[in-house]
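J.: Shown below is the structure under consideration.
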Amino acid sequence: DQQVKQNSPSLSVQEGRISILNCDYTNSMFDYFLWYKKYPAEGPTFLISISSIKDKNEDGRFTVFLNKSAKHLSLHIVPSQPGDSAVYFCAAGLSGTYKYIFGTGTRLKVLA
Amino acid sequence: EAQVTQNPRYLITVTGKKLTVTCSQNMNHEYMSWYRQDPGLGLRQIYYSMNVEVTDKGDVPEGYKVSRKEKRNFPLILESPSPNQTSLYFCASSRSDRDNQPQHFGDGTRLSIL
């Protein structure tokens, strides 16, 4: 049973527009969420995170929104750039366990 | 340069032949972890380690062993590899002085078990 789901395997967006990547989770105990970006032939790199005590966290062009009641988080990239083309993974964690559940990833393609 | 180094990057081998994938980090991180990435399944945690001589199972530990004899190294051992362990493997590390620290990942090891 997939506890963290990214239901869109791929997404194409025009350069300069907003990219919205979605992630749903089933375990209401998760209290920390992270987004990672992965380029081909490289390991994932950390992008942004959010604690369950917040509903929004912003870092430059990247904003993560958390809706706890819906068990849903989203990553907004504004404006999207061709260099943002990558696979994005969301991950959920439970404080104190040091175990993380990753989603299946969404491949974002930003078209120039 | 802060990094997590995995070796080898690619390996093709046969069923039953023991292999070890090494992982080393130069950031003095306490926490280290191994993941495998498979199509449609994302990244799944195999084992993790909170510090030297402290290891624990992740979600898919069957068929794997790990050891943490030194802080910087966390090798993944496949005693008797089988074709269902063909996958892309990632090692990661992070601080553990505070919870939920972002992990630094290696560039991956692609294993093919024939």
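Lettering and numbering for the structure tokens are positional, with chains as A, B, ... in the shown order, residues counted from 1 in each chain, and ligands counted from 1 in the shown order.
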Provide as a list in words the residues of chain A at most 9 Å from chain B, counting only C-alpha atoms.
T.: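 Interface list for chain A against chain B: Gln2, Pro9, Tyr32, Phe33, Leu34, Ala41, Glu42, Gly43, Pro44, Thr45, Phe46, Leu47, Ile48, Ser49, Phe89, Gly93, Leu94, Ser95, Gly96, Thr97, Tyr98, Lys99, Tyr100, Ile101, Phe102, Gly103, Thr104 and Gly105 of chain A.
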J.: Next, the residues of the selection above should be written as a short mmCIF file (atom, residue, chain, number, x, y, z; two decimals), in the first residue's frame with N, CA and C atoms.
T.:
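Here's the written file again26.cif:
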data_model
loop_
_atom_site.label_atom_id
_atom_site.label_comp_id
_atom_site.auth_asym_id
_atom_site.auth_seq_id
_atom_site.Cartn_x
_atom_site.Cartn_y
_atom_site.Cartn_z
N GLN A 2 0.69 2.08 -1.01
CA GLN A 2 1.52 3.26 -1.16
C GLN A 2 1.03 4.33 -0.20
N PRO A 9 2.37 11.07 -13.22
CA PRO A 9 3.73 10.64 -13.54
C PRO A 9 4.52 11.71 -14.29
N TYR A 32 6.22 15.66 8.84
CA TYR A 32 7.25 16.43 8.14
C TYR A 32 7.29 15.95 6.70
N PHE A 33 7.40 16.92 5.79
CA PHE A 33 7.34 16.60 4.37
C PHE A 33 8.46 17.32 3.64
N LEU A 34 9.03 16.65 2.67
CA LEU A 34 10.15 17.21 1.92
C LEU A 34 9.92 16.99 0.43
N ALA A 41 20.92 10.47 -13.95
CA ALA A 41 22.27 10.03 -13.58
C ALA A 41 22.81 10.74 -12.34
N GLU A 42 21.95 11.38 -11.58
CA GLU A 42 22.35 12.00 -10.32
C GLU A 42 21.42 11.54 -9.21
N GLY A 43 21.86 11.73 -7.98
CA GLY A 43 20.98 11.43 -6.87
C GLY A 43 20.02 12.58 -6.62
N PRO A 44 18.94 12.30 -5.88
CA PRO A 44 18.00 13.38 -5.53
C PRO A 44 18.70 14.46 -4.71
N THR A 45 18.27 15.70 -4.91
CA THR A 45 18.77 16.81 -4.10
C THR A 45 17.60 17.48 -3.40
N PHE A 46 17.83 17.87 -2.18
CA PHE A 46 16.79 18.48 -1.36
C PHE A 46 16.37 19.83 -1.95
N LEU A 47 15.07 20.07 -1.94
CA LEU A 47 14.54 21.32 -2.50
C LEU A 47 13.91 22.19 -1.41
N ILE A 48 12.92 21.66 -0.74
CA ILE A 48 12.19 22.44 0.25
C ILE A 48 11.43 21.49 1.16
N SER A 49 11.14 21.93 2.37
CA SER A 49 10.43 21.07 3.31
C SER A 49 9.36 21.87 4.05
N PHE A 89 10.34 14.28 -6.31
CA PHE A 89 9.82 13.32 -5.35
C PHE A 89 9.35 14.05 -4.10
N GLY A 93 7.74 12.05 6.54
CA GLY A 93 8.44 11.45 7.67
C GLY A 93 7.67 11.64 8.95
N LEU A 94 8.05 10.84 9.92
CA LEU A 94 7.44 10.91 11.24
C LEU A 94 8.56 11.21 12.23
N SER A 95 8.46 12.33 12.92
CA SER A 95 9.52 12.76 13.82
C SER A 95 9.91 11.66 14.80
N GLY A 96 11.22 11.49 14.95
CA GLY A 96 11.72 10.51 15.90
C GLY A 96 11.96 9.14 15.31
N THR A 97 11.46 8.89 14.11
CA THR A 97 11.61 7.55 13.52
C THR A 97 12.77 7.47 12.54
N TYR A 98 13.13 8.60 11.94
CA TYR A 98 14.17 8.65 10.92
C TYR A 98 13.89 7.71 9.76
N LYS A 99 12.62 7.43 9.54
CA LYS A 99 12.21 6.66 8.37
C LYS A 99 11.40 7.57 7.48
N TYR A 100 11.61 7.44 6.19
CA TYR A 100 10.95 8.33 5.25
C TYR A 100 10.28 7.51 4.16
N ILE A 101 9.09 7.93 3.78
CA ILE A 101 8.36 7.29 2.70
C ILE A 101 8.32 8.27 1.53
N PHE A 102 8.79 7.77 0.39
CA PHE A 102 8.85 8.61 -0.81
C PHE A 102 7.69 8.28 -1.74
N GLY A 103 7.27 9.28 -2.47
CA GLY A 103 6.32 9.07 -3.54
C GLY A 103 7.01 8.50 -4.77
N THR A 104 6.25 8.24 -5.80
CA THR A 104 6.78 7.61 -7.01
C THR A 104 7.41 8.59 -7.97
N GLY A 105 7.25 9.88 -7.71
CA GLY A 105 7.89 10.87 -8.55
C GLY A 105 7.00 11.41 -9.66
#
J.: What's the 10 Å shell around Ile18 (chain A), counting only C-alpha atoms, without same-chain residues fewer than 5 positions away, as a list of chain:residue names?
T.: A:Val13, A:Arg61, A:His76, A:Ile77, A:Val78, A:Pro79, A:Ser80, A:Gln81, A:Val110
J.: For the selection you just gave me, I'd like the residues written to a file as an mmCIF file, in the first residue's frame, keeping N, CA and C atoms.
T.:
data_model
loop_
_atom_site.group_PDB
_atom_site.id
_atom_site.type_symbol
_atom_site.label_atom_id
_atom_site.label_comp_id
_atom_site.auth_asym_id
_atom_site.auth_seq_id
_atom_site.Cartn_x
_atom_site.Cartn_y
_atom_site.Cartn_z
ATOM 1 N N VAL A 13 4.991 22.043 -18.779
ATOM 2 C CA VAL A 13 4.605 23.428 -18.504
ATOM 3 C C VAL A 13 5.434 24.351 -19.387
ATOM 4 N N ARG A 61 11.634 30.774 -5.753
ATOM 5 C CA ARG A 61 10.573 30.436 -6.710
ATOM 6 C C ARG A 61 9.732 29.236 -6.261
ATOM 7 N N HIS A 76 4.717 24.447 -5.703
ATOM 8 C CA HIS A 76 4.511 25.434 -6.755
ATOM 9 C C HIS A 76 5.855 26.007 -7.168
ATOM 10 N N ILE A 77 6.096 26.055 -8.460
ATOM 11 C CA ILE A 77 7.324 26.655 -8.985
ATOM 12 C C ILE A 77 6.900 27.807 -9.882
ATOM 13 N N VAL A 78 7.290 29.018 -9.476
ATOM 14 C CA VAL A 78 6.907 30.202 -10.233
ATOM 15 C C VAL A 78 8.073 31.199 -10.303
ATOM 16 N N PRO A 79 8.517 31.652 -11.482
ATOM 17 C CA PRO A 79 8.139 31.100 -12.773
ATOM 18 C C PRO A 79 8.946 29.853 -13.082
ATOM 19 N N SER A 80 8.403 28.976 -13.864
ATOM 20 C CA SER A 80 9.123 27.754 -14.242
ATOM 21 C C SER A 80 10.219 28.079 -15.256
ATOM 22 N N GLN A 81 11.335 27.376 -15.113
ATOM 23 C CA GLN A 81 12.464 27.579 -16.021
ATOM 24 C C GLN A 81 12.867 26.233 -16.620
ATOM 25 N N VAL A 110 9.785 21.508 -18.554
ATOM 26 C CA VAL A 110 9.493 22.916 -18.788
ATOM 27 C C VAL A 110 9.926 23.251 -20.204
#
J.: Give the strand (DSSP E or B) residues of chain A, as DSSP finds them on the backbone, and put them as a PyMOL selection string.
T.: chain A and resi 4-5+10-14+19-25+32-38+45-51+56-59+62-67+72-77+86-93+100-102+106-111
J.: Nearest to His29 (chain B) among B:Leu111, B:Gln6, B:Val52, B:Ser67, with distances taken over only C-alpha atoms: which residue is it?
T.: B:Val52
J.: Using only C-alpha atoms, which residues sit within 8 Å of Lys71 (chain B) once same-chain residues fewer than 2 positions away are excluded, as a VMD selection string?
T.: chain B and resid 28 to 30 51 to 52 68 to 69 73 to 74
